[in-house]
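Working notes, beginning with the structure itself.
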Protein chains: 2
Amino acid sequence: MTDIKIPKATAKRLPLYYRYLVFLHDEGKEKVSSTELSEAVQVDSASIRRDFSYFGALGKRGYGYDVVNLLEFFKKILNQDTLTNVALVGVGNMGHALLNYNFKRTNNIRISAAFDINPEYTDTIMNGVPVYQNSDMKYQIGQQQIEIAILAVPKDQAQEITNQLVDAGIKGIMNFTPLRVSAPSDVRVQNVDLATELQTLIYFLEQDKH
Amino acid sequence: MTDIKIPKATAKRLPLYYRYLVFLHDEGKEKVSSTELSEAVQVDSASIRRDFSYFGALGKRGYGYDVVNLLEFFKKILNQDTLTNVALVGVGNMGHALLNYNFKRTNNIRISAAFDINPEYTDTIMNGVPVYQNSDMKYQIGQQQIEIAILAVPKDQAQEITNQLVDAGIKGIMNFTPLRVSAPSDVRVQNVDLATELQTLIYFLEQDKH
DNA sequence: TCTTGATAATGAAAACATTCACAAATTTGA
DNA sequence: TCAAATTTGTGAATGTTTTCATTATCAAGA
């Protein structure tokens, strides 16, 4: 596939572009300019062109980008042509919210297995997703060849569960706990730290006042 | 207060440092070195020293940083000495999860008002937080002098509600919807885009394979 | 077929962020 | 008391990302 060196900052914006392209396509739009895209996704238009340019020229000067073209292209880059199954560990409040989050619609991602220790939840189906006991983790993840897990357990279980996930063969973890879990270097951990985000927002706001 | 120019990247790490300092303090630790901190928050130790240095010399050579000192300092910088009230709009799945999220414990942040359109939820108390009708938004936010709101509504209401929030005097929005809402430049919007995060993780994972 | 306005591509510069590496200060232990 | 060990603070180097500014190309209308 694309073995060109893509800057990390660019890679993080790709899904954003993709989502808006899907929207444009649904609207029946045929072409789009970097300026227009810029307004919608709130990224500088020059950055957008630069980002796109890493993949080779996709647009036409004086015309813009062809929506369908771009969409097809991004679909491949982002593996959107195949459904990605992910696991969810912890179906408490946050986990439950994530089960209801529609990843599939625009992103072709599906939570295909959930795990919990609470017997009140386990061995049931929540939102169409089977909830297994934690002890089934290794087996299910192996069976379903899942590589990505969402970690939504209380923080005192975070490291322990992470170890189990790694042992089960998980290669990417989206970590919703406030703990920075440690994992082998070939396992990618993406932290989603809500309290920190809020705190940062408050900090910037305070700065803005001066 | 601190009118020094702090790099954005540094600012984003401050809450992280703060949280670990609280933990250390609870543990009764008196001093901490940049190396030790580095392991816990997973930030390069040189970066930590650099970050701290923007605030002036806070540590002692050959000794490390005094936990209580540092904690007091960060508490002020991050406004942790006063309770910050925030509003939550939308008490559906995600909103509900956020109501249960304990921001107060380590961050001195409290959701003090929630809003929704669903009469099933409004005029009740959820998790100790009063849920008002959207029409009460301006009044309540004004009364309680709330400056920050968490936006957790379906995406087709996102822009509309954002406008109302801005009108009510909100200055910072943590946006959980996948839509990039637009707001005046004096209103800060922080996007928490779960599908994008997951998608990015998948992308990087795919890259790692080659 | 010209001309004009729109718009992508891109080299170069600037801004921003991280990392290295070491002197200076301090602690520790003998 | 002194030498060894520790650890900060920071100049300089390096790396990354954004922004600027120019050029090349295209569509469409006269």
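Residue numbering restarts at 1 in every chain; chains get A, B, ... in the order shown in the structure tokens, and ligands count up from 1 in that same order.
Residues of region 133-197 of chain A assigned to alpha helix (DSSP H) by DSSP on this structure's backbone: Met137, Lys138, Tyr139, Gln140, Ile141, Gly142, Gln143, Lys155, Asp156, Gln157, Ala158, Gln159, Glu160, Ile161, Thr162, Asn163, Gln164, Leu165, Val166, Asp167, Leu194, Ala195, Thr196 and Glu197 of chain A.
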Open item on the list: Would you pick out the contacts of Gly59 (chain A) at 12 Å or less, using only C-alpha atoms (C1' of nucleotides), so that residues sharing its chain but fewer than 6 positions from it are not included, and give the list as a list in words?
Closed with: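 These residues fall inside the cut-off: Lys31, Val32, Ser33, Ser34, Ile48, Arg49, Arg50, Phe52, Ser53, Tyr65, Asp66, Val67, Val68, Asn69, Leu70 and Phe73 of chain A; DT7, DA8 and DA9 of chain C; DT25 and DC26 of chain D.
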Produce a file of the selected residues containing N, CA, C and O atoms (P, O5', C5', C4', C3', O3' and C1' of nucleotides), as a JSON list (two decimals), in the first residue's frame.
[["chain", "number", "residue", "atom", "x", "y", "z"],
["A", 31, "LYS", "N", -17.55, 18.02, -6.80],
["A", 31, "LYS", "CA", -16.19, 18.50, -6.59],
["A", 31, "LYS", "C", -16.12, 19.33, -5.33],
["A", 31, "LYS", "O", -17.12, 19.84, -4.83],
["A", 32, "VAL", "N", -14.92, 19.49, -4.83],
["A", 32, "VAL", "CA", -14.74, 20.28, -3.62],
["A", 32, "VAL", "C", -13.36, 20.92, -3.66],
["A", 32, "VAL", "O", -12.39, 20.32, -4.14],
["A", 33, "SER", "N", -13.28, 22.15, -3.18],
["A", 33, "SER", "CA", -11.98, 22.83, -3.16],
["A", 33, "SER", "C", -11.39, 22.78, -1.76],
["A", 33, "SER", "O", -12.11, 22.56, -0.78],
["A", 34, "SER", "N", -10.11, 22.99, -1.70],
["A", 34, "SER", "CA", -9.46, 22.94, -0.38],
["A", 34, "SER", "C", -10.02, 24.02, 0.54],
["A", 34, "SER", "O", -10.10, 23.83, 1.75],
["A", 48, "ILE", "N", -4.39, 21.43, 4.15],
["A", 48, "ILE", "CA", -5.15, 20.37, 3.47],
["A", 48, "ILE", "C", -4.45, 19.99, 2.18],
["A", 48, "ILE", "O", -4.22, 18.81, 1.90],
["A", 49, "ARG", "N", -4.06, 20.98, 1.41],
["A", 49, "ARG", "CA", -3.40, 20.66, 0.14],
["A", 49, "ARG", "C", -2.09, 19.94, 0.39],
["A", 49, "ARG", "O", -1.75, 18.96, -0.28],
["A", 50, "ARG", "N", -1.38, 20.42, 1.38],
["A", 50, "ARG", "CA", -0.12, 19.75, 1.74],
["A", 50, "ARG", "C", -0.38, 18.30, 2.15],
["A", 50, "ARG", "O", 0.31, 17.38, 1.70],
["A", 52, "PHE", "N", -2.87, 16.36, 1.35],
["A", 52, "PHE", "CA", -3.25, 15.55, 0.19],
["A", 52, "PHE", "C", -2.04, 15.27, -0.68],
["A", 52, "PHE", "O", -1.94, 14.20, -1.30],
["A", 53, "SER", "N", -1.14, 16.23, -0.73],
["A", 53, "SER", "CA", 0.00, 16.10, -1.63],
["A", 53, "SER", "C", 0.94, 14.95, -1.23],
["A", 53, "SER", "O", 1.68, 14.44, -2.06],
["A", 65, "TYR", "N", -11.01, 19.18, -6.13],
["A", 65, "TYR", "CA", -10.87, 17.73, -6.02],
["A", 65, "TYR", "C", -12.17, 17.05, -6.38],
["A", 65, "TYR", "O", -13.25, 17.53, -6.01],
["A", 66, "ASP", "N", -12.06, 15.98, -7.06],
["A", 66, "ASP", "CA", -13.25, 15.20, -7.41],
["A", 66, "ASP", "C", -13.65, 14.36, -6.20],
["A", 66, "ASP", "O", -12.86, 13.57, -5.70],
["A", 67, "VAL", "N", -14.86, 14.57, -5.73],
["A", 67, "VAL", "CA", -15.31, 13.94, -4.48],
["A", 67, "VAL", "C", -15.21, 12.42, -4.53],
["A", 67, "VAL", "O", -14.66, 11.79, -3.63],
["A", 68, "VAL", "N", -15.73, 11.85, -5.61],
["A", 68, "VAL", "CA", -15.74, 10.39, -5.69],
["A", 68, "VAL", "C", -14.32, 9.82, -5.70],
["A", 68, "VAL", "O", -14.00, 8.87, -4.99],
["A", 69, "ASN", "N", -13.48, 10.45, -6.51],
["A", 69, "ASN", "CA", -12.07, 10.06, -6.56],
["A", 69, "ASN", "C", -11.44, 10.04, -5.17],
["A", 69, "ASN", "O", -10.85, 9.06, -4.74],
["A", 70, "LEU", "N", -11.56, 11.18, -4.54],
["A", 70, "LEU", "CA", -10.97, 11.38, -3.23],
["A", 70, "LEU", "C", -11.49, 10.35, -2.24],
["A", 70, "LEU", "O", -10.75, 9.76, -1.48],
["A", 73, "PHE", "N", -10.13, 6.96, -2.82],
["A", 73, "PHE", "CA", -8.74, 6.98, -2.40],
["A", 73, "PHE", "C", -8.60, 6.84, -0.88],
["A", 73, "PHE", "O", -7.88, 5.98, -0.38],
["C", 7, "DT", "P", -12.30, 28.21, -6.43],
["C", 7, "DT", "O5'", -10.93, 27.42, -6.58],
["C", 7, "DT", "C5'", -10.80, 26.44, -7.59],
["C", 7, "DT", "C4'", -9.40, 25.90, -7.57],
["C", 7, "DT", "C3'", -8.86, 25.67, -6.15],
["C", 7, "DT", "O3'", -8.43, 24.34, -6.07],
["C", 7, "DT", "C1'", -7.28, 26.74, -7.49],
["C", 8, "DA", "P", -8.02, 23.66, -4.71],
["C", 8, "DA", "O5'", -6.76, 22.85, -5.21],
["C", 8, "DA", "C5'", -6.96, 21.91, -6.26],
["C", 8, "DA", "C4'", -5.64, 21.60, -6.91],
["C", 8, "DA", "C3'", -4.63, 20.91, -5.99],
["C", 8, "DA", "O3'", -3.96, 19.91, -6.74],
["C", 8, "DA", "C1'", -3.75, 22.97, -6.77],
["C", 9, "DA", "P", -3.00, 18.92, -6.02],
["C", 9, "DA", "O5'", -1.61, 19.65, -6.21],
["C", 9, "DA", "C5'", -1.10, 19.79, -7.53],
["C", 9, "DA", "C4'", 0.31, 20.36, -7.44],
["C", 9, "DA", "C3'", 1.23, 19.67, -6.43],
["C", 9, "DA", "O3'", 2.42, 19.41, -7.13],
["C", 9, "DA", "C1'", 1.18, 22.01, -6.03],
["D", 25, "DT", "P", 2.24, 23.23, -15.90],
["D", 25, "DT", "O5'", 0.67, 23.24, -15.66],
["D", 25, "DT", "C5'", 0.14, 22.49, -14.57],
["D", 25, "DT", "C4'", -1.32, 22.79, -14.46],
["D", 25, "DT", "C3'", -2.08, 22.61, -15.76],
["D", 25, "DT", "O3'", -2.95, 21.52, -15.55],
["D", 25, "DT", "C1'", -2.78, 24.56, -14.60],
["D", 26, "DC", "P", -3.82, 20.85, -16.70],
["D", 26, "DC", "O5'", -5.24, 21.51, -16.44],
["D", 26, "DC", "C5'", -5.88, 21.30, -15.19],
["D", 26, "DC", "C4'", -7.05, 22.24, -15.08],
["D", 26, "DC", "C3'", -7.99, 22.18, -16.28],
["D", 26, "DC", "O3'", -9.22, 21.62, -15.83],
["D", 26, "DC", "C1'", -7.54, 24.43, -15.58]]
Task: Interface list for chain A, partner chain D, 8 Å threshold, only C-alpha atoms (C1' of nucleotides), as a PyMOL selection string - done: chain A and resi 9+46-47+60-63
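Considering the residues B:Leu88, B:Ile150, B:Leu201, B:Val187 and counting only C-alpha atoms, Met174 (chain A) has its shortest atom-to-atom contact with B:Leu201.
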Open item on the list: Report, in Å with one decimal, the straight-line distance from CA of Ile170 (chain A) to CA of Met94 (chain B).
Closed with: 25.5 Å
Open item on the list: Using only C-alpha atoms (C1' of nucleotides) and a distance of at most 10 Å, pull out the residues of chain C that contact chain B, as a list in words.
Closed with: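 Residues satisfying the distance criterion: DC16, DA17, DT18, DT19, DC20, DA24, DA25, DT26 and DT27 of chain C.
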- [ ] Could you check how far CA of Gln145 (chain A) sits from CA of Gln159 (chain A), in Å to one decimal?
- [x] 21.9 Å
Open item on the list: If the cut-off is 7 Å, can you tell me the residues of chain B near chain A, counting only C-alpha atoms? I'd like them as a list in words.
Closed with: Ala11, Lys12, Pro15, Leu16, Ala40, Val41, Leu78, Asn93, Met94, Ala97, Asn100, Phe103, Gly172, Arg180, Gln190, Ala195, Thr196, Gln199, Thr200, Leu201, Tyr203 and Leu205 of chain B
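Separating CA of Gln157 (chain B) from CA of Gln143 (chain B) is a distance of 23.9 Å.
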